[in-house]
2 protein chains.
Amino acid sequence: MAEEAAVRAQADAVRRLKQDKADPEEIAKEVAKLLEMKAQLGEDEGKHKFVLKTPKGTRDYGPKQMAIRERAFNAIISCFKRHGAEVIDTPVFELKETLTGKYGEDSKLIYDLKDQGGELLSLRYDLTVPFARYLAMNKVTNMKRYHVAKVYRRDNPAMTRGRYREFYQCDFDIAGQFDPMIPDAECLKIVHEILSDLQLGDFVIKVNDRRILDGMFAVCGVPDSKFRTICSSVDKLDKVPWEEVRSEMVGEKGLSPEAADRIGEYVQLHGGLELIERLLQDPKLSQNKLAKEGLGDMKLLFEYLTLFGITGKISFDLSLARGLDYYTGVIFEAVLLHQENEHVEEPVSVGSVAGGGRYDGLVGMFDPKGRKVPCVGVSIGIERIFSILEQRLEASEEKIRTTETQVLVASAQKKLLEERLRLISELWDAGIKAEMLYKKNPKLLNQLQYCEDTGIPLVAIVGEQELKDGVVKLRIVATREEVNVRRESLVEEIRIRTSQC
Amino acid sequence: MAEEAAVRAQADAVRRLKQDKADPEEIAKEVAKLLEMKAQLGEDEGKHKFVLKTPKGTRDYGPKQMAIRERAFNAIISCFKRHGAEVIDTPVFELKETLTGKYGEDSKLIYDLKDQGGELLSLRYDLTVPFARYLAMNKVTNMKRYHVAKVYRRDNPAMTRGRYREFYQCDFDIAGQFDPMIPDAECLKIVHEILSDLQLGDFVIKVNDRRILDGMFAVCGVPDSKFRTICSSVDKLDKVPWEEVRSEMVGEKGLSPEAADRIGEYVQLHGGLELIERLLQDPKLSQNKLAKEGLGDMKLLFEYLTLFGITGKISFDLSLARGLDYYTGVIFEAVLLHQENEHVEEPVSVGSVAGGGRYDGLVGMFDPKGRKVPCVGVSIGIERIFSILEQRLEASEEKIRTTETQVLVASAQKKLLEERLRLISELWDAGIKAEMLYKKNPKLLNQLQYCEDTGIPLVAIVGEQELKDGVVKLRIVATREEVNVRRESLVEEIRIRTSQC
C-alpha cells in the first residue's frame, strides 16, 4: 500500500514539475514529502524483512534427527555408565571471569551476554572449565563424572562438515590423585569402545604428551617464550603440509630455520612402543627432564593399552599438539580415517570426533589456595557423529519411528467420540501408549492410514456392536488380522502383542 | 606486596611533608605516585576478589540432584510419550526479533547476548515461541511434540521457593486444526497424570478462557484499550487480596469504581459444570459473543474431563488470567495445595507447578503470509517439583545411588594391577558396569569400603591362587558371601546376580 502511494505521489510531483507550475518552494515541499514517504516505505520493508531462521551456526532437531541423536547419546552415555561415572549439570553461562585466561587464542570465540546490569556472563565454551570450577567450588578432590550438554563458540564453521556454533559435547573426566596413567588409559579405552560401538568406520586415536612437546621444543632450540606459539603452529599439521607450517614458524614467528628443521624431524614421527623406546634412547630428548618423564609415562600408557587390547588403533604421534592452554600431560585425539557416505575428494582423515587430555593445573586456578586436583578427561564431539549417522540413515532408507505409540483408539461409526475418550483414558491410566485422532467423526480409513504413516502397530476399534458385546476389536496393522478382545483383557493383550513387535 | 609498598610510600610522603621539606610540586608528585600505587593495589585486589560461584539465579546439579532430576524427567517424559508425542530440540538462543512482541510486560526479563558483530541474539524465554517459529519455518501444520530444555528469565527469583533465572521447562503441545476442545482436554489429562504420578500431594488445576475474561471485561464496562492491563491486575489475585487488586485497577489504571466492583463479583467465582451453566444464563455475559463462545467451549471441555474422570481436581476459576500475551482461548494452571516438608506459615496454595493454554495466533505471527496454526499446550515447571522431591528425599534418609556400577574389580595381594586391568577390560567389553580403584596396590579393606560407600553390590577379587585355578572370587557385598566362579562364567554370573538386586 505504502509503495503504491509513493509511486503515485512521485508521478504527481513529476507531472507538476513538467507542467512548470512548480516554484522552488513547492519543489522543496514535494521532495520533503517524497522523503517522508520513502522513510515510511523503508519501515514497512523492514517489517516484511523479518527472517524466519535459527541463528547462524545453529540448527533445530526435528523428530527424525532427535531419534538419531538419541541412539548416539545412548551408546555414549551407556559407555560412561559402564565405567562407573556419576553425572552432573552446570549452568549454560558462567561468570565471564571464570572463563578468562583458560583458552589462549581461542578466547575471542567466547559468546558474552549483554551487560543488562548485574554480573558479566559468558556462554560456556566447553564442559571442562565448568567442571574444574565445580570441583574447586565444592572442594571435591575425587570424582569420576560425565556431562552431556551444549557448548558455544563464535566460530565460522563449515556446517556441511558437521561443525556448529552451538553443539553438544559428551564429556567424561576423572579427577583425583592416582597412580600414573591408569585413569588416562581408561579414557582411551572409552573412546575406543564408543567409536567401535557406533560403527563409524575405521579410526585412529593419536596420542602425545605436552611434556614431550615442551621437551622437544627445548632440545630443538625454541626459546621458552615461544613454546606456546610454536605449539599452535604444530597443531596445524593435520590440515597443512609441513612446508607451510615451517614457513609460519620461521617467517611469522621468528624461529631460526635450524630449530624449525629439528622440529620437522620429530613431528613427522609416529608409531607405537618401539618409537617410544627409540626416543627414550634419543641422545637429545633423553637428556631433557620433561621429555623423559613424558616418554616414561607414554610407555606405561602403552603397556596398559596392550592389556586392554586396543593398541591396534592407537598411534603415538609427535605432531599432535591440541590448542587449549590447560593441558599438562597426555593429550589425544580420535579421527575417522574415511567416511562412507561422503564424496571421495575428501582427504583420508575426515576430522576429529573425540579429544582430550590431562589438565593437572586447571582446578588449582579456581581454588583460593591454589590446591591442585589432577584431572584427565575425554570429550566426544557428537555433532560430527550425528551428521554421519544421519547420512547413513538417509542412504539406507530405513524407516525410523519418531513415537512409541502402541495403539490407536479408533471408531468404526460416527458419534463414538465419547466412547473413544473413555477407552483411551483407561489405556493411558494403565500405562499403554495410545493415540486417537482429534476429530469427532473420523473415517476408519483415515485412522488406519495414520497407523501406516506413523508405524503404530495396533488399532483398538470401538463400534456399536462391540460396545454391546463388551469387546474391543483389535487390529494388527502389519497383518490386517482382527480379533475381538474382552474389554477387561485389552490392556494385557496390547502388552503381550507389543512386547513382541 | 603492593599493599606493603603503598603503605611505606605513604608513610614516607607524610614524613617528608611533616619535615617541611616538600614544595608544592613535590607534593603533587607524591600524590601522583600514591594514586598510581592505589590503582595498582586496586588491580591486585580485583584479582584476589574473584568469586567462585555460579551466576545469580543459577545452580549446579550434583550427582544426587541429578538422580532426583532423572526420576522427575522420567515420569514426565514417559507421560508425554504415552500420549504419542514426538520430540524436537531448538537452539538455546534465537534471533532477538523472534522473541520481540510475544511476552508483553515480561519482555524486559529477556537475556540479550552482547553484540559481537553479526546477528542480534537473545536466550529463549520459553519453549512455546521457539516451537511456533519452528512450525512456521518448516511449514508444519500438524504436530504433537514435547521439548524438555532450559529457558532463561532475568527475574529476581526467590530461590528458596524453587525459582531460578535458568530453569527447565517440560513442554507438550498439540498443533493443528481439530474439533474443539479434544486436544485441550488431553493437555489437562496430562497435567493430572504427571502430578498424580509424582505424588506431590493434593493439587488443583484452575481453568479459564481468555474469551470469557475479555467478554467479562466488556460487560463490566472496561474500555477495550484497558483489557490487557486490567487482565494483568486480575492475574495477581493468587497472591494479593481483591481489595488491593481493586485499588490498583481504580487508582493506577484509571478504571471506574463501578466497573471494578462488577469485575470483583465475577472473579471471586469458581466451580464446575453448574457454574458454567449458571454463567451461560447470566443476563449480561450471555449477551456477549466472546463470553458465550468461551463458556460453550468450557462446557464441552468439562464433559470431556468427566469422561477422563478427572473433574475432581479441576476448578473453573474466573480469577485465573495468566500473563503471557499470546493466549487466545483456554488457559490453565496447576497449583499444589499444601506441601509436606515446608514450614506451616506458608499459605494454603504453594505455587504453580504447571500451566498452559491455547495460542491460535502465535504461529501466524511468524508465517510470511500470516497463515494460522491453532495450538494448545502445557508446560511443567520442573524446578519447583525438584525442590519438593529433594526435600522429601532428605527427610526420608533413603540412600540414593549415583552410579549403576555392578561390580568392583579388586585384588587381594600386591602386584596384581595388570590382572585387574585385564579382567575389567573383559567385563567392559561384555557390557558389565565395572570399576576398579586407580591404585597400583590398593588394600582389600579399602576396596570393600568403596563398595559400601557407593552401593556397588558385587566384588570380583583376583588373587594369585584364583589365577592359578582359573577362577575369580565373587563377593556379595550385602551378605559378605564369597563364591569362586570360573572365569568364563563370570559375566553370566554377574548378570544373574545383579538382575536380582
# chains A, B, ... in the order shown; residues from 1 in each chain; ligands from 1
>>> calpha_fit_rmsd(fixed="chain A", moving="chain B")
0.7 Å
>>> closest_atom_pairs(of="chain B", to="chain A", cutoff="6 Å", atoms="only C-alpha atoms", output="Markdown table")
| residue | atom | partner | partner_atom | distance |
| --- | --- | --- | --- | --- |
| B:Leu52 | CA | A:Met137 | CA | 6.0 |
| B:Pro55 | CA | A:Leu95 | CA | 5.8 |
| B:Asp60 | CA | A:Thr90 | CA | 4.5 |
| B:Tyr61 | CA | A:Asp89 | CA | 4.9 |
| B:Gly62 | CA | A:Ile88 | CA | 5.0 |
| B:Pro63 | CA | A:Val87 | CA | 5.3 |
| B:Arg82 | CA | A:Lys433 | CA | 3.9 |
| B:His83 | CA | A:Ala434 | CA | 5.8 |
| B:Gly84 | CA | A:Thr405 | CA | 5.2 |
| B:Glu86 | CA | A:Thr403 | CA | 5.4 |
| B:Val87 | CA | A:Pro63 | CA | 5.3 |
| B:Ile88 | CA | A:Gly62 | CA | 4.9 |
| B:Asp89 | CA | A:Tyr61 | CA | 4.9 |
| B:Thr90 | CA | A:Asp60 | CA | 4.5 |
| B:Glu94 | CA | A:Pro55 | CA | 5.9 |
| B:Leu95 | CA | A:Pro55 | CA | 5.8 |
| B:Asp112 | CA | A:Lys114 | CA | 5.5 |
| B:Leu113 | CA | A:Leu113 | CA | 4.1 |
| B:Lys114 | CA | A:Lys114 | CA | 3.9 |
| B:Met137 | CA | A:Leu52 | CA | 5.9 |
| B:Phe178 | CA | A:Tyr438 | CA | 5.7 |
| B:Asp179 | CA | A:Lys439 | CA | 5.2 |
| B:Ile182 | CA | A:Tyr438 | CA | 5.9 |
| B:Leu307 | CA | A:Arg422 | CA | 5.5 |
| B:Phe308 | CA | A:Ser425 | CA | 5.6 |
| B:Thr402 | CA | A:Glu86 | CA | 5.7 |
| B:Thr403 | CA | A:Glu86 | CA | 5.4 |
| B:Thr405 | CA | A:Gly84 | CA | 5.2 |
| B:Arg422 | CA | A:Leu307 | CA | 5.5 |
| B:Ser425 | CA | A:Phe308 | CA | 5.6 |
| B:Lys433 | CA | A:Arg82 | CA | 3.9 |
| B:Ala434 | CA | A:His83 | CA | 5.8 |
| B:Glu435 | CA | A:Gly84 | CA | 5.9 |
| B:Tyr438 | CA | A:Phe178 | CA | 5.7 |
| B:Lys439 | CA | A:Asp179 | CA | 5.2 |
>>> atom_distance(atom1="CA of Val462 (chain B)", atom2="CA of Leu301 (chain A)")
22.0 Å
>>> residues_around(residues="region 311-328 of chain B", least_positions_apart="4", cutoff="9 Å", atoms="only C-alpha atoms", output="JSON, numbers by chain")
{"B": [101, 102, 103, 104, 105, 106, 188, 192, 202, 203, 204, 205, 206, 207, 208, 209, 210, 211, 212, 213, 228, 231, 232, 233, 234, 235, 236, 237, 238, 266, 267, 268, 269, 270, 271, 272, 273, 275, 276, 298, 302, 305, 306, 307, 332, 333, 334, 355, 356, 357, 358, 359, 360, 361, 362]}
>>> atom_distance(atom1="CA of Asn74 (chain B)", atom2="CA of Ala430 (chain A)")
16.6 Å
>>> select_by_dssp(residues="region 117-245 of chain A", states="alpha helix (DSSP H)", output="JSON, numbers by chain")
{"A": [128, 129, 130, 131, 132, 133, 134, 135, 136, 137, 182, 183, 184, 185, 186, 187, 188, 189, 190, 191, 192, 193, 194, 195, 196, 197, 210, 211, 212, 213, 214, 215, 216, 217, 218, 219, 227, 228, 229, 230, 231, 232, 233, 234, 242, 243, 244, 245]}
>>> atom_distance(atom1="CA of Glu70 (chain A)", atom2="CA of His147 (chain B)")
13.6 Å
>>> residues_around(residues="Ile461 (chain A)", least_positions_apart="5", cutoff="9 Å", atoms="only C-alpha atoms", output="list in words")
Leu408, Val409, Ala410, Ser411, Ala412, Arg420, Leu444, Glu466, Val472, Lys473, Leu474 and Arg475 of chain A
>>> closest_residue(among="B:Thr229, B:Val376, B:Val477, B:Arg495", to="Gln449 (chain B)", atoms="only C-alpha atoms")
B:Val477
>>> closest_residue(among="B:Leu99, B:Met143, B:Leu255, B:Ala354", to="Ile380 (chain B)", atoms="only C-alpha atoms")
B:Ala354
>>> closest_residue(among="A:Ala75, A:Ile388, A:Thr100, A:Gly264", to="Met365 (chain A)", atoms="only C-alpha atoms")
A:Thr100
>>> residues_around(residues="Lys443 (chain B)", least_positions_apart="3", cutoff="9 Å", atoms="only C-alpha atoms", output="PyMOL selection string")
chain B and resi 411-414+446-448
>>> write_last_selection(atoms="all heavy atoms", output="PDB file, in the first residue's frame")
ATOM      1  N   SER B 411      41.747 -56.654  44.068  1.00  0.00           N
ATOM      2  CA  SER B 411      42.808 -57.647  44.207  1.00  0.00           C
ATOM      3  C   SER B 411      43.102 -57.884  45.685  1.00  0.00           C
ATOM      4  O   SER B 411      42.960 -56.987  46.502  1.00  0.00           O
ATOM      5  CB  SER B 411      44.067 -57.180  43.475  1.00  0.00           C
ATOM      6  OG  SER B 411      44.393 -55.865  43.870  1.00  0.00           O
ATOM      7  N   ALA B 412      43.490 -59.110  45.974  1.00  0.00           N
ATOM      8  CA  ALA B 412      43.730 -59.497  47.359  1.00  0.00           C
ATOM      9  C   ALA B 412      45.187 -59.279  47.761  1.00  0.00           C
ATOM     10  O   ALA B 412      45.499 -59.060  48.917  1.00  0.00           O
ATOM     11  CB  ALA B 412      43.343 -60.958  47.562  1.00  0.00           C
ATOM     12  N   GLN B 413      46.099 -59.320  46.767  1.00  0.00           N
ATOM     13  CA  GLN B 413      47.520 -59.104  47.085  1.00  0.00           C
ATOM     14  C   GLN B 413      48.082 -57.971  46.223  1.00  0.00           C
ATOM     15  O   GLN B 413      47.399 -57.438  45.370  1.00  0.00           O
ATOM     16  CB  GLN B 413      48.335 -60.391  46.800  1.00  0.00           C
ATOM     17  CG  GLN B 413      48.001 -61.561  47.690  1.00  0.00           C
ATOM     18  CD  GLN B 413      47.069 -62.534  46.979  1.00  0.00           C
ATOM     19  OE1 GLN B 413      46.920 -62.479  45.771  1.00  0.00           O
ATOM     20  NE2 GLN B 413      46.441 -63.415  47.754  1.00  0.00           N
ATOM     21  N   LYS B 414      49.355 -57.653  46.487  1.00  0.00           N
ATOM     22  CA  LYS B 414      50.035 -56.639  45.696  1.00  0.00           C
ATOM     23  C   LYS B 414      50.405 -57.176  44.316  1.00  0.00           C
ATOM     24  O   LYS B 414      50.294 -58.355  44.042  1.00  0.00           O
ATOM     25  CB  LYS B 414      51.310 -56.196  46.417  1.00  0.00           C
ATOM     26  CG  LYS B 414      51.027 -55.380  47.667  1.00  0.00           C
ATOM     27  CD  LYS B 414      52.291 -54.707  48.193  1.00  0.00           C
ATOM     28  CE  LYS B 414      51.924 -53.742  49.316  1.00  0.00           C
ATOM     29  NZ  LYS B 414      53.131 -53.082  49.846  1.00  0.00           N
ATOM     30  N   ASN B 446      40.143 -51.278  51.762  1.00  0.00           N
ATOM     31  CA  ASN B 446      39.741 -50.024  51.108  1.00  0.00           C
ATOM     32  C   ASN B 446      38.829 -50.301  49.916  1.00  0.00           C
ATOM     33  O   ASN B 446      37.905 -49.533  49.636  1.00  0.00           O
ATOM     34  CB  ASN B 446      40.972 -49.256  50.624  1.00  0.00           C
ATOM     35  CG  ASN B 446      41.780 -48.700  51.778  1.00  0.00           C
ATOM     36  OD1 ASN B 446      41.304 -48.675  52.919  1.00  0.00           O
ATOM     37  ND2 ASN B 446      43.008 -48.276  51.496  1.00  0.00           N
ATOM     38  N   GLN B 447      39.109 -51.372  49.230  1.00  0.00           N
ATOM     39  CA  GLN B 447      38.290 -51.710  48.069  1.00  0.00           C
ATOM     40  C   GLN B 447      36.882 -52.116  48.511  1.00  0.00           C
ATOM     41  O   GLN B 447      35.885 -51.713  47.909  1.00  0.00           O
ATOM     42  CB  GLN B 447      38.968 -52.831  47.261  1.00  0.00           C
ATOM     43  CG  GLN B 447      40.319 -52.381  46.708  1.00  0.00           C
ATOM     44  CD  GLN B 447      41.063 -53.511  45.989  1.00  0.00           C
ATOM     45  OE1 GLN B 447      40.826 -53.770  44.819  1.00  0.00           O
ATOM     46  NE2 GLN B 447      41.953 -54.184  46.702  1.00  0.00           N
ATOM     47  N   LEU B 448      36.799 -52.870  49.610  1.00  0.00           N
ATOM     48  CA  LEU B 448      35.481 -53.262  50.117  1.00  0.00           C
ATOM     49  C   LEU B 448      34.719 -52.049  50.650  1.00  0.00           C
ATOM     50  O   LEU B 448      33.514 -51.902  50.442  1.00  0.00           O
ATOM     51  CB  LEU B 448      35.628 -54.333  51.211  1.00  0.00           C
ATOM     52  CG  LEU B 448      36.266 -55.654  50.742  1.00  0.00           C
ATOM     53  CD1 LEU B 448      36.374 -56.643  51.913  1.00  0.00           C
ATOM     54  CD2 LEU B 448      35.490 -56.281  49.594  1.00  0.00           C
TER      55      LEU B 448
END
>>> decode(residues="region 291-409 of chain A", atoms="C-alpha atoms", output="PDB file, in the first residue's frame")
ATOM      1  CA  ALA A 291      60.608 -35.248  27.701  1.00  0.00           C
ATOM      2  CA  LYS A 292      61.964 -38.178  29.685  1.00  0.00           C
ATOM      3  CA  GLU A 293      59.056 -38.008  32.137  1.00  0.00           C
ATOM      4  CA  GLY A 294      56.554 -37.812  29.306  1.00  0.00           C
ATOM      5  CA  LEU A 295      58.135 -40.676  27.393  1.00  0.00           C
ATOM      6  CA  GLY A 296      58.258 -42.827  30.531  1.00  0.00           C
ATOM      7  CA  ASP A 297      54.570 -42.274  31.135  1.00  0.00           C
ATOM      8  CA  MET A 298      53.813 -42.871  27.456  1.00  0.00           C
ATOM      9  CA  LYS A 299      55.500 -46.243  27.735  1.00  0.00           C
ATOM     10  CA  LEU A 300      53.417 -47.108  30.800  1.00  0.00           C
ATOM     11  CA  LEU A 301      50.280 -45.959  28.969  1.00  0.00           C
ATOM     12  CA  PHE A 302      51.061 -48.271  26.044  1.00  0.00           C
ATOM     13  CA  GLU A 303      51.555 -51.188  28.429  1.00  0.00           C
ATOM     14  CA  TYR A 304      48.101 -50.626  29.899  1.00  0.00           C
ATOM     15  CA  LEU A 305      46.574 -50.186  26.444  1.00  0.00           C
ATOM     16  CA  THR A 306      48.148 -53.504  25.450  1.00  0.00           C
ATOM     17  CA  LEU A 307      46.323 -55.166  28.374  1.00  0.00           C
ATOM     18  CA  PHE A 308      43.101 -53.545  27.088  1.00  0.00           C
ATOM     19  CA  GLY A 309      43.880 -54.969  23.657  1.00  0.00           C
ATOM     20  CA  ILE A 310      43.438 -51.664  21.815  1.00  0.00           C
ATOM     21  CA  THR A 311      46.925 -50.629  20.695  1.00  0.00           C
ATOM     22  CA  GLY A 312      45.959 -51.516  17.121  1.00  0.00           C
ATOM     23  CA  LYS A 313      44.069 -48.228  16.877  1.00  0.00           C
ATOM     24  CA  ILE A 314      46.464 -46.070  18.897  1.00  0.00           C
ATOM     25  CA  SER A 315      49.225 -44.007  17.304  1.00  0.00           C
ATOM     26  CA  PHE A 316      51.869 -42.165  19.322  1.00  0.00           C
ATOM     27  CA  ASP A 317      52.113 -39.066  17.113  1.00  0.00           C
ATOM     28  CA  LEU A 318      54.616 -36.290  17.772  1.00  0.00           C
ATOM     29  CA  SER A 319      52.676 -33.850  15.572  1.00  0.00           C
ATOM     30  CA  LEU A 320      49.604 -33.879  17.835  1.00  0.00           C
ATOM     31  CA  ALA A 321      49.551 -30.607  19.790  1.00  0.00           C
ATOM     32  CA  ARG A 322      45.901 -29.573  20.596  1.00  0.00           C
ATOM     33  CA  GLY A 323      45.109 -25.913  21.041  1.00  0.00           C
ATOM     34  CA  LEU A 324      43.772 -25.486  24.551  1.00  0.00           C
ATOM     35  CA  ASP A 325      46.005 -23.870  27.124  1.00  0.00           C
ATOM     36  CA  TYR A 326      45.107 -26.030  30.065  1.00  0.00           C
ATOM     37  CA  TYR A 327      46.622 -29.402  29.096  1.00  0.00           C
ATOM     38  CA  THR A 328      49.652 -30.508  31.109  1.00  0.00           C
ATOM     39  CA  GLY A 329      50.294 -34.176  30.252  1.00  0.00           C
ATOM     40  CA  VAL A 330      48.849 -36.781  27.908  1.00  0.00           C
ATOM     41  CA  ILE A 331      46.791 -35.406  25.018  1.00  0.00           C
ATOM     42  CA  PHE A 332      44.843 -37.369  22.433  1.00  0.00           C
ATOM     43  CA  GLU A 333      42.500 -37.022  19.512  1.00  0.00           C
ATOM     44  CA  ALA A 334      40.448 -39.604  17.604  1.00  0.00           C
ATOM     45  CA  VAL A 335      39.996 -39.192  13.865  1.00  0.00           C
ATOM     46  CA  LEU A 336      37.899 -41.186  11.427  1.00  0.00           C
ATOM     47  CA  LEU A 337      40.023 -42.483   8.595  1.00  0.00           C
ATOM     48  CA  HIS A 338      37.445 -42.359   5.863  1.00  0.00           C
ATOM     49  CA  GLN A 339      33.765 -41.773   5.646  1.00  0.00           C
ATOM     50  CA  GLU A 340      31.436 -43.994   3.680  1.00  0.00           C
ATOM     51  CA  ASN A 341      28.789 -41.566   2.525  1.00  0.00           C
ATOM     52  CA  GLU A 342      30.841 -38.555   1.581  1.00  0.00           C
ATOM     53  CA  HIS A 343      32.491 -37.683  -1.702  1.00  0.00           C
ATOM     54  CA  VAL A 344      35.815 -39.217  -2.494  1.00  0.00           C
ATOM     55  CA  GLU A 345      37.617 -35.899  -2.971  1.00  0.00           C
ATOM     56  CA  GLU A 346      37.955 -35.785   0.821  1.00  0.00           C
ATOM     57  CA  PRO A 347      41.382 -36.280   2.335  1.00  0.00           C
ATOM     58  CA  VAL A 348      41.949 -39.580   4.080  1.00  0.00           C
ATOM     59  CA  SER A 349      41.428 -38.223   7.579  1.00  0.00           C
ATOM     60  CA  VAL A 350      37.971 -36.631   7.803  1.00  0.00           C
ATOM     61  CA  GLY A 351      38.221 -34.954  11.116  1.00  0.00           C
ATOM     62  CA  SER A 352      38.315 -35.250  14.828  1.00  0.00           C
ATOM     63  CA  VAL A 353      35.396 -36.913  16.639  1.00  0.00           C
ATOM     64  CA  ALA A 354      36.879 -37.054  20.145  1.00  0.00           C
ATOM     65  CA  GLY A 355      39.708 -35.485  22.040  1.00  0.00           C
ATOM     66  CA  GLY A 356      41.034 -34.882  25.472  1.00  0.00           C
ATOM     67  CA  GLY A 357      43.958 -34.986  27.784  1.00  0.00           C
ATOM     68  CA  ARG A 358      45.349 -34.348  31.218  1.00  0.00           C
ATOM     69  CA  TYR A 359      44.932 -30.948  32.893  1.00  0.00           C
ATOM     70  CA  ASP A 360      46.501 -31.035  36.343  1.00  0.00           C
ATOM     71  CA  GLY A 361      46.578 -27.275  36.910  1.00  0.00           C
ATOM     72  CA  LEU A 362      43.071 -26.117  35.989  1.00  0.00           C
ATOM     73  CA  VAL A 363      41.241 -26.777  39.267  1.00  0.00           C
ATOM     74  CA  GLY A 364      44.055 -25.022  41.167  1.00  0.00           C
ATOM     75  CA  MET A 365      43.395 -21.868  39.112  1.00  0.00           C
ATOM     76  CA  PHE A 366      39.976 -21.692  40.811  1.00  0.00           C
ATOM     77  CA  ASP A 367      40.961 -22.727  44.304  1.00  0.00           C
ATOM     78  CA  PRO A 368      41.585 -19.720  46.578  1.00  0.00           C
ATOM     79  CA  LYS A 369      44.646 -21.509  47.979  1.00  0.00           C
ATOM     80  CA  GLY A 370      45.711 -22.926  44.603  1.00  0.00           C
ATOM     81  CA  ARG A 371      45.232 -26.524  45.722  1.00  0.00           C
ATOM     82  CA  LYS A 372      45.623 -28.759  42.710  1.00  0.00           C
ATOM     83  CA  VAL A 373      43.330 -31.597  41.695  1.00  0.00           C
ATOM     84  CA  PRO A 374      44.860 -33.637  38.848  1.00  0.00           C
ATOM     85  CA  CYS A 375      42.331 -34.406  36.096  1.00  0.00           C
ATOM     86  CA  VAL A 376      42.173 -36.287  32.844  1.00  0.00           C
ATOM     87  CA  GLY A 377      39.220 -36.455  30.527  1.00  0.00           C
ATOM     88  CA  VAL A 378      37.754 -37.039  27.119  1.00  0.00           C
ATOM     89  CA  SER A 379      35.200 -35.132  25.082  1.00  0.00           C
ATOM     90  CA  ILE A 380      33.158 -36.799  22.351  1.00  0.00           C
ATOM     91  CA  GLY A 381      32.203 -34.400  19.541  1.00  0.00           C
ATOM     92  CA  ILE A 382      28.745 -35.579  18.851  1.00  0.00           C
ATOM     93  CA  GLU A 383      27.616 -33.243  16.023  1.00  0.00           C
ATOM     94  CA  ARG A 384      30.049 -34.763  13.557  1.00  0.00           C
ATOM     95  CA  ILE A 385      28.884 -38.228  14.583  1.00  0.00           C
ATOM     96  CA  PHE A 386      25.225 -37.137  14.098  1.00  0.00           C
ATOM     97  CA  SER A 387      25.995 -35.988  10.564  1.00  0.00           C
ATOM     98  CA  ILE A 388      27.496 -39.345   9.685  1.00  0.00           C
ATOM     99  CA  LEU A 389      24.640 -41.329  11.251  1.00  0.00           C
ATOM    100  CA  GLU A 390      22.095 -39.044   9.563  1.00  0.00           C
ATOM    101  CA  GLN A 391      23.655 -39.509   6.128  1.00  0.00           C
ATOM    102  CA  ARG A 392      23.869 -43.230   6.658  1.00  0.00           C
ATOM    103  CA  LEU A 393      20.219 -43.466   7.668  1.00  0.00           C
ATOM    104  CA  GLU A 394      19.132 -41.496   4.610  1.00  0.00           C
ATOM    105  CA  ALA A 395      21.156 -43.767   2.377  1.00  0.00           C
ATOM    106  CA  SER A 396      19.768 -46.910   3.999  1.00  0.00           C
ATOM    107  CA  GLU A 397      16.103 -45.871   3.587  1.00  0.00           C
ATOM    108  CA  GLU A 398      15.408 -47.470   6.943  1.00  0.00           C
ATOM    109  CA  LYS A 399      12.080 -46.086   8.215  1.00  0.00           C
ATOM    110  CA  ILE A 400      12.648 -44.617  11.620  1.00  0.00           C
ATOM    111  CA  ARG A 401       9.741 -44.263  14.081  1.00  0.00           C
ATOM    112  CA  THR A 402       9.506 -40.955  15.909  1.00  0.00           C
ATOM    113  CA  THR A 403       6.906 -42.007  18.501  1.00  0.00           C
ATOM    114  CA  GLU A 404       6.455 -45.093  20.669  1.00  0.00           C
ATOM    115  CA  THR A 405       2.672 -45.290  20.353  1.00  0.00           C
ATOM    116  CA  GLN A 406       1.440 -48.876  20.768  1.00  0.00           C
ATOM    117  CA  VAL A 407      -2.193 -48.488  19.796  1.00  0.00           C
ATOM    118  CA  LEU A 408      -4.545 -46.102  18.012  1.00  0.00           C
ATOM    119  CA  VAL A 409      -8.017 -45.885  19.522  1.00  0.00           C
TER     120      VAL A 409
END
